[in-house]
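Dropping coords03.txt in here (compact mmCIF, C-alpha atoms):
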```txt
# COMPACT_ATOMS: atom_id res chain seq x y z
CA MET A 1 85.67 -22.63 -62.60
CA ARG A 2 83.00 -20.39 -64.06
CA LEU A 3 80.92 -18.03 -61.91
CA ALA A 4 77.64 -16.67 -63.28
CA VAL A 5 76.49 -13.44 -61.62
CA LEU A 6 72.77 -12.76 -62.03
CA GLY A 7 72.18 -9.06 -61.63
CA GLY A 8 75.62 -8.56 -63.15
CA GLY A 9 75.00 -4.88 -63.85
CA GLY A 10 74.44 -4.22 -60.15
CA PHE A 11 76.45 -1.67 -58.21
CA ARG A 12 78.01 -4.18 -55.79
CA VAL A 13 79.29 -6.63 -58.42
CA PRO A 14 82.81 -5.06 -58.30
CA LEU A 15 83.04 -6.13 -54.64
CA VAL A 16 82.71 -9.77 -55.70
CA TYR A 17 85.20 -9.36 -58.53
CA GLY A 18 87.67 -7.63 -56.21
CA ALA A 19 87.47 -10.60 -53.83
CA LEU A 20 88.16 -12.96 -56.75
CA LEU A 21 91.23 -10.91 -57.73
CA ARG A 22 92.64 -11.41 -54.23
CA ASP A 23 92.03 -15.17 -54.33
CA THR A 24 95.13 -17.01 -55.59
CA ALA A 25 94.46 -20.56 -54.35
CA ARG A 26 93.48 -23.39 -56.69
CA PRO A 27 91.01 -24.22 -58.06
CA ARG A 28 89.79 -20.67 -58.52
CA VAL A 29 87.23 -18.84 -60.61
CA GLU A 30 88.76 -18.26 -64.03
CA GLU A 31 85.73 -16.79 -65.81
CA VAL A 32 82.95 -14.51 -64.61
CA VAL A 33 79.79 -14.21 -66.70
CA LEU A 34 77.67 -11.17 -65.89
CA TYR A 35 73.96 -11.44 -66.70
CA ASP A 36 71.54 -8.52 -66.52
CA VAL A 37 68.43 -7.30 -68.30
CA SER A 38 70.11 -3.91 -68.86
CA PRO A 39 72.92 -3.80 -71.46
CA ALA A 40 73.84 -0.26 -70.36
CA ARG A 41 74.37 -1.30 -66.73
CA LEU A 42 76.38 -4.32 -67.85
CA GLU A 43 78.64 -2.09 -69.93
CA THR A 44 79.20 0.26 -66.99
CA ILE A 45 80.15 -2.51 -64.57
CA ALA A 46 82.39 -4.12 -67.20
CA HIS A 47 84.33 -0.82 -67.37
CA VAL A 48 84.79 -0.91 -63.59
CA LEU A 49 85.96 -4.53 -63.61
CA ARG A 50 88.49 -3.86 -66.36
CA ASP A 51 89.95 -1.04 -64.26
CA LEU A 52 90.10 -3.27 -61.18
CA ALA A 53 91.83 -6.06 -63.13
CA ALA A 54 94.60 -3.78 -64.43
CA GLY A 55 97.95 -4.92 -63.06
CA HIS A 56 96.65 -8.27 -61.80
CA ASP A 57 98.15 -11.42 -63.26
CA ALA A 58 95.64 -14.06 -64.34
CA ALA A 59 92.59 -11.94 -63.50
CA PRO A 60 89.35 -13.84 -64.13
CA ARG A 61 87.98 -13.26 -67.62
CA VAL A 62 84.76 -11.25 -67.78
CA ARG A 63 81.93 -11.85 -70.23
CA THR A 64 78.58 -10.05 -70.31
CA THR A 65 75.22 -11.22 -71.64
CA THR A 66 71.52 -10.45 -71.52
CA ASP A 67 70.73 -14.14 -72.26
CA LEU A 68 70.04 -15.99 -69.00
CA ASP A 69 70.60 -19.44 -70.49
CA ALA A 70 73.96 -18.39 -71.97
CA ALA A 71 75.03 -17.10 -68.56
CA LEU A 72 74.07 -20.29 -66.72
CA ARG A 73 75.42 -22.91 -69.09
CA ASP A 74 78.44 -24.78 -67.60
CA ALA A 75 78.53 -22.58 -64.47
CA SER A 76 80.17 -24.07 -61.38
CA PHE A 77 78.67 -21.41 -59.11
CA VAL A 78 75.76 -19.03 -59.61
CA PHE A 79 75.59 -15.84 -57.61
CA SER A 80 72.05 -14.44 -57.59
CA ALA A 81 71.66 -10.75 -56.77
CA ILE A 82 68.71 -9.67 -58.88
CA ARG A 83 66.35 -6.79 -58.07
CA VAL A 84 62.93 -7.32 -59.64
CA GLY A 85 61.47 -3.88 -60.28
CA GLY A 86 64.81 -2.13 -59.85
CA LEU A 87 65.37 0.73 -57.46
CA ALA A 88 62.10 2.28 -58.61
CA GLY A 89 60.39 -0.77 -57.10
CA ARG A 90 62.34 -0.30 -53.89
CA THR A 91 61.23 3.31 -53.56
CA ALA A 92 57.63 2.13 -53.90
CA ASP A 93 58.21 -0.59 -51.29
CA GLU A 94 59.23 2.11 -48.83
CA ARG A 95 56.84 4.93 -49.80
CA VAL A 96 53.58 2.96 -49.91
CA ALA A 97 54.18 1.71 -46.37
CA LEU A 98 55.23 5.12 -45.03
CA GLU A 99 52.15 6.78 -46.52
CA LEU A 100 50.04 4.37 -44.47
CA GLY A 101 51.98 5.17 -41.30
CA LEU A 102 54.01 1.94 -41.35
CA VAL A 103 57.71 1.12 -41.39
CA GLY A 104 59.11 1.79 -44.87
CA GLN A 105 62.03 -0.57 -45.40
CA GLU A 106 62.90 -2.78 -48.36
CA THR A 107 63.23 -6.14 -46.58
CA THR A 108 61.51 -5.62 -43.21
CA GLY A 109 57.80 -5.15 -42.79
CA PRO A 110 55.32 -4.58 -45.64
CA GLY A 111 58.07 -3.46 -48.03
CA GLY A 112 59.78 -6.80 -47.64
CA VAL A 113 56.51 -8.65 -48.28
CA ALA A 114 55.91 -6.62 -51.44
CA TYR A 115 59.48 -7.22 -52.61
CA GLY A 116 59.10 -10.96 -52.03
CA LEU A 117 55.70 -11.20 -53.76
CA ARG A 118 57.12 -9.95 -57.06
CA THR A 119 60.55 -11.60 -56.72
CA VAL A 120 59.63 -15.18 -55.79
CA PRO A 121 58.10 -16.10 -59.20
CA VAL A 122 61.16 -14.77 -61.02
CA ALA A 123 63.57 -16.51 -58.62
CA VAL A 124 61.77 -19.84 -59.08
CA ARG A 125 61.93 -19.51 -62.88
CA VAL A 126 65.65 -18.80 -62.57
CA ALA A 127 66.03 -21.88 -60.37
CA GLU A 128 64.30 -23.98 -63.01
CA ARG A 129 66.75 -22.78 -65.68
CA ILE A 130 69.68 -23.54 -63.37
CA ALA A 131 68.34 -27.06 -62.77
CA ALA A 132 68.09 -27.59 -66.53
CA LEU A 133 71.40 -26.04 -67.64
CA ALA A 134 73.76 -26.29 -64.66
CA PRO A 135 72.34 -28.99 -62.37
CA ARG A 136 75.65 -29.44 -60.52
CA ALA A 137 76.14 -25.74 -59.85
CA TRP A 138 75.97 -24.32 -56.35
CA VAL A 139 73.71 -21.29 -56.07
CA ILE A 140 74.60 -18.51 -53.64
CA ASN A 141 71.57 -16.30 -53.13
CA PHE A 142 71.86 -12.69 -52.05
CA THR A 143 68.57 -11.63 -53.68
CA ASN A 144 66.37 -10.03 -51.04
CA PRO A 145 64.35 -10.83 -49.07
CA ALA A 146 67.07 -13.47 -48.85
CA GLY A 147 65.42 -15.97 -46.51
CA MET A 148 62.12 -15.98 -48.40
CA VAL A 149 63.75 -16.17 -51.82
CA THR A 150 66.17 -18.92 -50.77
CA GLU A 151 63.27 -20.96 -49.36
CA ALA A 152 61.34 -20.58 -52.61
CA MET A 153 64.33 -21.58 -54.76
CA ARG A 154 64.88 -24.64 -52.57
CA ARG A 155 61.67 -26.11 -54.00
CA VAL A 156 63.59 -26.58 -57.24
CA LEU A 157 67.25 -26.79 -56.21
CA GLY A 158 67.14 -28.33 -52.74
CA ASP A 159 70.36 -28.07 -50.74
CA ARG A 160 72.31 -26.65 -53.69
CA VAL A 161 70.98 -23.14 -53.00
CA ILE A 162 72.38 -21.29 -50.00
CA GLY A 163 71.44 -17.81 -48.82
CA ILE A 164 74.02 -15.34 -47.56
CA CYS A 165 73.93 -12.02 -45.72
CA ASP A 166 76.71 -9.91 -44.23
CA SER A 167 74.74 -8.57 -41.23
CA PRO A 168 75.34 -11.52 -38.84
CA ALA A 169 79.06 -11.74 -39.63
CA GLY A 170 79.40 -8.00 -39.08
CA LEU A 171 77.63 -8.25 -35.72
CA VAL A 172 79.90 -11.07 -34.58
CA ARG A 173 82.99 -9.21 -35.79
CA ARG A 174 82.00 -6.05 -33.91
CA ALA A 175 81.15 -7.94 -30.71
CA ALA A 176 84.48 -9.78 -30.71
CA ALA A 177 86.45 -6.63 -31.50
CA ALA A 178 84.75 -4.74 -28.66
CA LEU A 179 86.19 -7.36 -26.29
CA GLY A 180 89.61 -7.26 -27.93
CA LEU A 181 89.18 -10.78 -29.33
CA ASP A 182 90.04 -12.22 -32.73
CA PRO A 183 86.69 -12.79 -34.52
CA ALA A 184 88.15 -15.93 -36.11
CA ARG A 185 88.56 -17.51 -32.66
CA VAL A 186 85.04 -17.03 -31.31
CA SER A 187 82.02 -19.29 -31.80
CA PRO A 188 78.78 -17.32 -32.23
CA GLY A 189 75.47 -18.55 -30.93
CA TYR A 190 73.54 -16.64 -33.58
CA VAL A 191 69.97 -17.78 -34.27
CA GLY A 192 67.04 -16.53 -36.30
CA LEU A 193 65.86 -15.65 -39.78
CA ASN A 194 67.43 -13.37 -42.34
CA HIS A 195 67.35 -9.79 -40.96
CA LEU A 196 65.69 -11.18 -37.81
CA GLY A 197 68.29 -12.84 -35.60
CA TRP A 198 70.01 -12.53 -32.26
CA LEU A 199 73.52 -13.18 -31.00
CA CYS A 200 72.56 -15.09 -27.87
CA ASP A 201 76.03 -16.22 -26.79
CA LEU A 202 79.63 -15.79 -27.89
CA THR A 203 82.05 -18.53 -26.89
CA TYR A 204 85.78 -17.93 -26.53
CA GLU A 205 88.06 -20.68 -25.20
CA GLY A 206 85.07 -22.58 -23.85
CA ARG A 207 83.50 -19.61 -22.04
CA ASP A 208 80.53 -17.42 -22.99
CA VAL A 209 81.91 -13.87 -23.05
CA LEU A 210 78.67 -12.16 -24.15
CA PRO A 211 77.45 -11.43 -20.57
CA GLY A 212 80.70 -9.57 -19.92
CA LEU A 213 80.19 -7.49 -23.06
CA LEU A 214 76.59 -6.63 -22.14
CA ALA A 215 77.73 -5.48 -18.69
CA ASP A 216 80.52 -3.24 -19.99
CA ASP A 217 79.33 0.25 -21.01
CA ALA A 218 82.57 1.18 -22.76
CA ALA A 219 82.70 -2.08 -24.73
CA LEU A 220 79.04 -1.83 -25.76
CA ARG A 221 79.62 1.65 -27.17
CA ARG A 222 81.97 0.04 -29.68
CA VAL A 223 79.19 -2.19 -31.05
CA GLU A 224 77.06 -0.39 -33.63
CA GLU A 225 73.98 -2.50 -32.93
CA ALA A 226 74.12 -1.61 -29.22
CA ARG A 227 74.43 2.09 -30.05
CA LEU A 228 71.54 1.80 -32.49
CA LEU A 229 69.12 0.00 -30.16
CA GLY A 230 70.48 1.35 -26.87
CA PRO A 231 72.61 -0.44 -24.25
CA ASP A 232 69.76 -0.67 -21.74
CA TRP A 233 67.52 -2.41 -24.27
CA VAL A 234 70.10 -4.98 -25.39
CA ARG A 235 70.79 -5.73 -21.71
CA ALA A 236 67.06 -6.24 -21.15
CA LEU A 237 67.00 -8.63 -24.10
CA GLY A 238 70.10 -10.45 -22.87
CA ALA A 239 71.38 -10.67 -26.45
CA LEU A 240 72.70 -8.52 -29.29
CA PRO A 241 70.03 -8.17 -32.00
CA ASN A 242 70.66 -7.96 -35.72
CA GLU A 243 70.56 -4.30 -36.77
CA TYR A 244 67.32 -4.83 -38.71
CA LEU A 245 65.47 -5.54 -35.47
CA TYR A 246 65.60 -1.79 -34.93
CA TYR A 247 62.54 -1.61 -37.21
CA TYR A 248 60.61 -3.95 -34.90
CA TYR A 249 61.71 -2.60 -31.54
CA PHE A 250 61.56 1.07 -32.59
CA ALA A 251 58.84 1.04 -35.25
CA ARG A 252 57.32 4.43 -34.35
CA GLU A 253 60.72 6.10 -34.35
CA SER A 254 61.47 4.54 -37.72
CA VAL A 255 58.25 5.88 -39.23
CA ALA A 256 58.86 9.33 -37.74
CA ALA A 257 62.36 9.37 -39.27
CA GLY A 258 60.89 8.67 -42.73
CA SER A 259 59.84 12.27 -43.42
CA GLY A 260 62.81 12.90 -45.72
CA PRO A 261 64.02 10.92 -48.75
CA THR A 262 63.92 7.17 -48.21
CA ARG A 263 67.00 4.99 -48.56
CA GLY A 264 65.73 3.77 -51.92
CA GLU A 265 65.17 7.31 -53.19
CA SER A 266 68.67 8.34 -52.12
CA LEU A 267 70.27 5.30 -53.75
CA LEU A 268 68.28 5.80 -56.95
CA GLU A 269 69.61 9.34 -57.28
CA GLN A 270 73.16 8.28 -56.36
CA GLN A 271 73.26 5.35 -58.76
CA GLU A 272 71.82 7.35 -61.64
CA ARG A 273 74.73 9.78 -61.15
CA PHE A 274 77.24 6.93 -61.01
CA TYR A 275 76.05 5.09 -64.13
CA ALA A 276 75.74 8.34 -66.09
CA GLY A 277 79.19 9.40 -64.93
CA VAL A 278 80.85 6.21 -66.13
CA ARG A 279 79.07 6.41 -69.48
CA ALA A 280 80.46 9.94 -69.87
CA ARG A 281 83.96 9.18 -68.51
CA PRO A 282 84.67 5.43 -68.79
CA GLY A 283 88.40 5.96 -68.33
CA ASP A 284 88.08 6.46 -64.55
CA ALA A 285 85.24 4.00 -63.94
CA ALA A 286 86.84 2.35 -60.90
CA ALA A 287 87.57 5.67 -59.21
CA GLN A 288 83.97 6.78 -59.70
CA TRP A 289 82.73 3.48 -58.32
CA ARG A 290 84.93 3.77 -55.21
CA ARG A 291 83.61 7.26 -54.48
CA ALA A 292 80.01 6.15 -54.90
CA ARG A 293 80.60 3.06 -52.78
CA ARG A 294 82.05 5.14 -49.94
CA GLU A 295 79.02 7.42 -50.00
CA ARG A 296 76.69 4.42 -50.03
CA ASP A 297 78.43 2.67 -47.14
CA THR A 298 78.65 5.70 -44.87
CA THR A 299 74.94 6.52 -45.29
CA TYR A 300 73.71 2.95 -44.57
CA MET A 301 70.80 3.12 -42.04
CA ALA A 302 71.67 6.79 -41.57
CA GLU A 303 68.09 7.75 -40.66
CA ALA A 304 68.07 5.23 -37.81
CA ARG A 305 71.50 6.29 -36.56
CA ASP A 306 70.47 9.96 -36.67
CA ALA A 307 67.23 9.26 -34.80
CA THR A 308 68.98 7.32 -32.03
CA GLY A 309 72.23 9.27 -31.83
CA ALA A 310 74.20 6.13 -32.72
CA GLY A 311 76.75 8.25 -34.60
CA GLU A 312 78.67 7.49 -37.76
CA ARG A 313 79.74 4.03 -38.80
CA ASP A 314 83.17 2.92 -37.64
CA ALA A 315 85.83 3.43 -40.33
CA ALA A 316 87.56 0.12 -39.57
CA ASP A 317 84.24 -1.69 -39.88
CA LEU A 318 83.61 -0.12 -43.28
CA GLU A 319 86.95 -1.44 -44.50
CA ALA A 320 86.31 -4.96 -43.21
CA GLY A 321 84.18 -5.89 -46.21
CA GLY A 322 80.86 -7.64 -46.38
CA TYR A 323 78.96 -10.22 -48.33
CA GLU A 324 81.64 -10.61 -51.01
CA GLY A 325 84.00 -12.14 -48.43
CA ILE A 326 81.29 -14.53 -47.25
CA ALA A 327 80.54 -15.56 -50.83
CA LEU A 328 84.20 -16.21 -51.59
CA ALA A 329 84.73 -18.16 -48.35
CA LEU A 330 81.66 -20.27 -49.11
CA MET A 331 82.85 -21.03 -52.66
CA ALA A 332 86.35 -21.87 -51.39
CA ALA A 333 85.04 -24.23 -48.72
CA ILE A 334 82.91 -26.14 -51.24
CA ALA A 335 85.28 -26.13 -54.23
CA ARG A 336 88.49 -26.84 -52.31
CA GLY A 337 87.13 -28.81 -49.40
CA GLU A 338 88.47 -26.22 -46.96
CA PRO A 339 86.37 -26.69 -43.79
CA ALA A 340 84.78 -23.51 -42.53
CA THR A 341 82.04 -22.38 -40.16
CA MET A 342 79.87 -19.45 -41.21
CA ILE A 343 76.39 -18.07 -40.65
CA LEU A 344 74.19 -18.94 -43.64
CA ASN A 345 70.55 -19.23 -44.71
CA VAL A 346 69.74 -22.94 -45.02
CA ARG A 347 66.98 -25.47 -44.42
CA ASN A 348 66.24 -25.70 -40.72
CA GLY A 349 65.80 -29.42 -40.19
CA ALA A 350 66.15 -29.66 -36.42
CA ALA A 351 68.64 -26.80 -35.96
CA VAL A 352 66.14 -24.31 -34.50
CA PRO A 353 63.47 -25.92 -32.31
CA GLY A 354 60.05 -24.35 -32.79
CA LEU A 355 60.44 -23.49 -36.47
CA PRO A 356 59.29 -25.76 -39.34
CA GLU A 357 61.78 -28.29 -40.67
CA GLU A 358 61.46 -26.96 -44.21
CA ALA A 359 61.88 -23.32 -43.17
CA VAL A 360 65.04 -21.49 -44.18
CA VAL A 361 66.78 -20.16 -41.07
CA GLU A 362 69.95 -18.14 -40.49
CA VAL A 363 72.35 -20.08 -38.26
CA PRO A 364 76.01 -21.14 -38.00
CA CYS A 365 76.80 -23.91 -40.48
CA ALA A 366 79.68 -26.28 -41.14
CA VAL A 367 80.82 -26.11 -44.77
CA ASP A 368 83.18 -28.35 -46.72
CA GLY A 369 83.43 -30.13 -50.05
CA SER A 370 80.28 -32.13 -49.35
CA GLY A 371 78.11 -29.07 -48.81
CA VAL A 372 76.54 -27.20 -45.92
CA ARG A 373 75.20 -28.54 -42.62
CA PRO A 374 73.38 -26.35 -40.08
CA LEU A 375 74.68 -26.68 -36.55
CA ALA A 376 72.34 -27.28 -33.64
CA THR A 377 71.44 -24.16 -31.67
CA ARG A 378 70.17 -23.52 -28.18
CA PRO A 379 66.37 -23.10 -28.05
CA LEU A 380 65.35 -19.48 -28.56
CA PRO A 381 63.60 -17.89 -25.57
CA GLY A 382 59.94 -17.12 -26.12
CA ARG A 383 60.51 -13.38 -26.55
CA PHE A 384 62.53 -14.18 -29.68
CA LEU A 385 60.92 -17.40 -30.90
CA GLY A 386 57.41 -15.95 -31.09
CA LEU A 387 58.53 -13.14 -33.38
CA ALA A 388 60.55 -15.52 -35.57
CA GLN A 389 57.57 -17.90 -35.86
CA GLN A 390 55.22 -15.10 -36.88
CA VAL A 391 57.58 -13.66 -39.49
CA LYS A 392 58.34 -17.12 -40.89
CA ALA A 393 54.59 -17.69 -41.26
CA VAL A 394 54.42 -14.43 -43.21
CA GLU A 395 57.27 -15.53 -45.48
CA GLN A 396 55.71 -18.89 -46.21
CA THR A 397 52.30 -17.32 -46.87
CA ALA A 398 53.92 -14.82 -49.25
CA ILE A 399 55.68 -17.64 -51.14
CA GLU A 400 52.38 -19.47 -51.66
CA ALA A 401 50.66 -16.24 -52.70
CA ALA A 402 53.38 -15.43 -55.23
CA LEU A 403 53.46 -18.89 -56.77
CA THR A 404 49.68 -19.24 -57.03
CA GLY A 405 48.75 -15.62 -57.78
CA SER A 406 46.30 -15.74 -54.88
CA GLU A 407 45.18 -12.25 -53.87
CA PRO A 408 43.64 -13.45 -50.55
CA LEU A 409 46.96 -15.04 -49.59
CA ALA A 410 48.82 -11.86 -50.54
CA VAL A 411 46.53 -9.84 -48.27
CA ALA A 412 47.07 -12.44 -45.54
CA ALA A 413 50.86 -12.14 -45.87
CA PHE A 414 50.60 -8.40 -45.22
CA ALA A 415 47.97 -8.73 -42.48
CA LEU A 416 49.86 -11.39 -40.53
CA HIS A 417 53.02 -9.29 -40.34
CA PRO A 418 53.65 -7.89 -36.84
CA LEU A 419 54.39 -4.44 -38.33
CA VAL A 420 50.97 -4.22 -40.03
CA ASP A 421 48.14 -3.27 -37.68
CA SER A 422 44.93 -4.23 -39.50
CA VAL A 423 43.49 -6.31 -42.30
CA THR A 424 42.07 -3.16 -43.89
CA THR A 425 45.57 -1.70 -44.00
CA ALA A 426 46.83 -4.94 -45.56
CA ARG A 427 44.30 -4.58 -48.39
CA ARG A 428 45.39 -0.97 -48.92
CA LEU A 429 49.00 -2.09 -49.04
CA LEU A 430 48.34 -4.60 -51.80
CA ASP A 431 46.33 -2.03 -53.78
CA GLY A 432 49.04 0.60 -53.31
CA TYR A 433 51.87 -1.68 -54.41
CA ARG A 434 49.86 -3.00 -57.33
CA ALA A 435 49.27 0.56 -58.53
CA ARG A 436 52.94 1.57 -58.34
CA VAL A 437 54.92 -1.57 -59.13
CA PRO A 438 54.11 -3.14 -62.52
CA GLU A 439 56.05 -6.31 -61.67
CA LEU A 440 53.80 -6.92 -58.65
CA ALA A 441 50.66 -6.07 -60.62
CA ALA A 442 51.68 -8.75 -63.12
CA VAL A 443 51.55 -11.37 -60.33
CA PHE A 444 48.25 -10.08 -58.88
CA PRO A 445 46.38 -8.39 -61.75
CA GLY A 446 43.25 -7.87 -59.66
```
Please express what this file holds, its structure, as structure tokens.
Amino acid sequence: MRLAVLGGGGFRVPLVYGALLRDTARPRVEEVVLYDVSPARLETIAHVLRDLAAGHDAAPRVRTTTDLDAALRDASFVFSAIRVGGLAGRTADERVALELGLVGQETTGPGGVAYGLRTVPVAVRVAERIAALAPRAWVINFTNPAGMVTEAMRRVLGDRVIGICDSPAGLVRRAAAALGLDPARVSPGYVGLNHLGWLCDLTYEGRDVLPGLLADDAALRRVEEARLLGPDWVRALGALPNEYLYYYYFARESVAAGSGPTRGESLLEQQERFYAGVRARPGDAAAQWRRARRERDTTYMAEARDATGAGERDAADLEAGGYEGIALALMAAIARGEPATMILNVRNGAAVPGLPEEAVVEVPCAVDGSGVRPLATRPLPGRFLGLAQQVKAVEQTAIEAALTGSEPLAVAAFALHPLVDSVTTARRLLDGYRARVPELAAVFPG
């Protein structure tokens, strides 16, 4: 099988390749084609992958290209992890919002809307090339904002595009571990949108064990999300929220914590050092990547953990892996017909009552050789459903704005977001992003 990785010069590509090296079952990926707009980044990541492959028998071949069509042709799977505007765009996503007194985060709030507005047109064009050159390929989308982008790509690819995220799986893993349970033996009642979901129940041997976890102070302290949002608050909610809900429930604290460098600014500086270091010393590319990865992982949501006293991330959780494992498990289930259940971003249908049928939602799904089927969920209580409905309306408005180039719809996407407090501010957001992000200005020239 051939895997095409779009955004193949990205920092996290070695995680995917490492997972492929550990996969020995058949059929397996035998060739990886890395596509990126930056030849220099492709060369750097190729050095890392060569180091990782050393000593492995039958390691997947690696080919690099800056030609999208060449990357897609004859692909069995396409992994999409592009970043339109690069990390410079991400820093603008965060800074423009913070300067207006709003949450500055790349996928949540106005930053996520801005990211989606410039990314959706590119993602749809990519989907059109996939449909033309690899119509039988399965597309695994990790491009953020993942729910919005997956929903836009579905207009071209239908059920053959599936969105993934590692946040829900990590939450379930941490909740099960806090109770001393094997995460593989629990059934999560996780419901919501990408970066906006709740673990509402956790079934083990036919019994919901989540109430016991919420009532146990010592156990809750072992769950990062509970430390981040506070045990009293998660008890009041009666559920464990996805970590990104911190930005909704503690918006003022998030803005106050944004006085220093943003996450995007820190990553931009870190990655510039990494790519320059490998260019200077390609012989130890993998070692440099591992050091940079450790720094990246340990500083994830650091500003929120510092503000709340949540403490450092658990070392065992850092070693557990993330989206690369989900991607590999998804490919294995489809290619080999190995039945699996995992939390994915897919078309709602009737899985989540109260959300549109065509909306992409993040829910447990059954996966096998025939594809992916969302599993029915319990109705969300109003305190969760209302927020999910509002944010989904924002996502769908942003998709229409991006595909039509409509400035009024772009303003509406910002204004309708629960983290934006006025229409005037929404207009300032669009002007601010247009001034700083050329890729967004190209969609809305003004």
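Note that the spacing between CA of Asp74 in chain A and CA of Ala19 in chain A amounts to 21.7 Å.
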Separation of CA of Asp51 in chain A from CA of Ala286 in chain A in Å:
5.7 Å
Selected residue, from A:Trp198, A:Tyr323, A:Tyr247, A:Tyr275, that lies nearest to Arg383 in chain A when counting all atoms listed in the file:
A:Trp198
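CA of Glu395 in chain A is found 14.4 Å from CA of Asn348 in chain A.
Proximity of A:Leu3, A:Ala359, A:Ala350, A:Leu133 to Gly147 in chain A, computed with only C-alpha atoms, is greatest for A:Ala359.
Nearest-residue note for Tyr17 in chain A: choosing from A:Leu98, A:Leu328, A:Ala88, A:Leu440, the minimum distance belongs to A:Leu328, counting only C-alpha atoms.
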Around range 124-133 of chain A, with edges along x, y and z and 3 Å added on all six sides, what centre and edge lengths do you get, in Å to one decimal, as JSON?
```
{"center_x": 66.6, "center_y": -23.2, "center_z": -63.4, "size_x": 15.6, "size_y": 14.8, "size_z": 14.6}
```
Mind checking which residues fall within 10 Å of Gly260 in chain A, counting all atoms listed in the file, ignoring those fewer than 5 positions away in the same chain, and posting them as an MDAnalysis selection string?
chainID A and resid 265:266 303
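Using only C-alpha atoms for every distance, the candidate list A:Gly354, A:Arg26, A:Ile399, A:Leu213 yields A:Arg26 as the residue closest to Gly337 in chain A.
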Top pick for closest residue to Val360 in chain A, considering A:Gly7, A:Gly180, A:Gly158, A:Gly264 and counting only C-alpha atoms
A:Gly158
Contacts of Ala376 in chain A at 10 Å or less, counting all atoms listed in the file, minus same-chain residues fewer than 2 places along, as an mmCIF file with C-alpha atoms, keeping the file's coordinate frame?
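Written file, around.cif:
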```cif
data_model
loop_
_atom_site.group_PDB
_atom_site.id
_atom_site.type_symbol
_atom_site.label_atom_id
_atom_site.label_comp_id
_atom_site.auth_asym_id
_atom_site.auth_seq_id
_atom_site.Cartn_x
_atom_site.Cartn_y
_atom_site.Cartn_z
ATOM 1 C CA GLY A 189 75.470 -18.550 -30.930
ATOM 2 C CA VAL A 191 69.970 -17.780 -34.270
ATOM 3 C CA ASN A 348 66.240 -25.700 -40.720
ATOM 4 C CA GLY A 349 65.800 -29.420 -40.190
ATOM 5 C CA ALA A 350 66.150 -29.660 -36.420
ATOM 6 C CA ALA A 351 68.640 -26.800 -35.960
ATOM 7 C CA VAL A 352 66.140 -24.310 -34.500
ATOM 8 C CA PRO A 353 63.470 -25.920 -32.310
ATOM 9 C CA VAL A 363 72.350 -20.080 -38.260
ATOM 10 C CA PRO A 364 76.010 -21.140 -38.000
ATOM 11 C CA CYS A 365 76.800 -23.910 -40.480
ATOM 12 C CA ARG A 373 75.200 -28.540 -42.620
ATOM 13 C CA PRO A 374 73.380 -26.350 -40.080
ATOM 14 C CA ARG A 378 70.170 -23.520 -28.180
ATOM 15 C CA PRO A 379 66.370 -23.100 -28.050
#
```
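With only the atoms specified (all atoms listed in the file) counting, those residues at most 10 Å away from (81.0, -16.9, -33.0) are Pro168, Ala169, Leu171, Val172, Arg173, Ala175, Ala176, Pro183, Ala184, Arg185, Val186, Ser187, Pro188, Gly189, Tyr190, Leu199, Asp201, Leu202, Thr203, Tyr204, Thr341, Met342, Ile343 and Pro364 of chain A.
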Please, which residues are within 8 Å of (84.9, -24.6, -41.7) by the file's coordinates, counting all atoms listed in the file, and could they come as JSON, numbers by chain?
{"A": [333, 338, 339, 340, 341, 342, 366, 367, 368]}
Next, write the just-selected residues to a file, as a PDB file, keeping the file's coordinate frame, keeping C-alpha atoms as the atom set.
```pdb
ATOM      1  CA  ALA A 333      85.040 -24.230 -48.720  1.00  0.00           C
ATOM      2  CA  GLU A 338      88.470 -26.220 -46.960  1.00  0.00           C
ATOM      3  CA  PRO A 339      86.370 -26.690 -43.790  1.00  0.00           C
ATOM      4  CA  ALA A 340      84.780 -23.510 -42.530  1.00  0.00           C
ATOM      5  CA  THR A 341      82.040 -22.380 -40.160  1.00  0.00           C
ATOM      6  CA  MET A 342      79.870 -19.450 -41.210  1.00  0.00           C
ATOM      7  CA  ALA A 366      79.680 -26.280 -41.140  1.00  0.00           C
ATOM      8  CA  VAL A 367      80.820 -26.110 -44.770  1.00  0.00           C
ATOM      9  CA  ASP A 368      83.180 -28.350 -46.720  1.00  0.00           C
TER      10      ASP A 368
END
```
Fix up range 85-89 of chain A with N, CA and C atoms, then write it as an mmCIF file, in the coordinates of the input.
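rebuild.cif was written with the following content:
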```cif
data_model
loop_
_atom_site.group_PDB
_atom_site.id
_atom_site.type_symbol
_atom_site.label_atom_id
_atom_site.label_comp_id
_atom_site.auth_asym_id
_atom_site.auth_seq_id
_atom_site.Cartn_x
_atom_site.Cartn_y
_atom_site.Cartn_z
ATOM 1 N N GLY A 85 62.079 -5.197 -60.430
ATOM 2 C CA GLY A 85 61.470 -3.880 -60.280
ATOM 3 C C GLY A 85 62.486 -2.769 -60.116
ATOM 4 N N GLY A 86 63.769 -3.130 -59.968
ATOM 5 C CA GLY A 86 64.810 -2.130 -59.850
ATOM 6 C C GLY A 86 64.660 -1.256 -58.627
ATOM 7 N N LEU A 87 65.448 -0.185 -58.589
ATOM 8 C CA LEU A 87 65.370 0.730 -57.460
ATOM 9 C C LEU A 87 64.058 1.505 -57.445
ATOM 10 N N ALA A 88 63.418 1.650 -58.596
ATOM 11 C CA ALA A 88 62.100 2.280 -58.610
ATOM 12 C C ALA A 88 61.106 1.440 -57.798
ATOM 13 N N GLY A 89 61.224 0.103 -57.917
ATOM 14 C CA GLY A 89 60.390 -0.770 -57.100
ATOM 15 C C GLY A 89 60.693 -0.624 -55.626
#
```
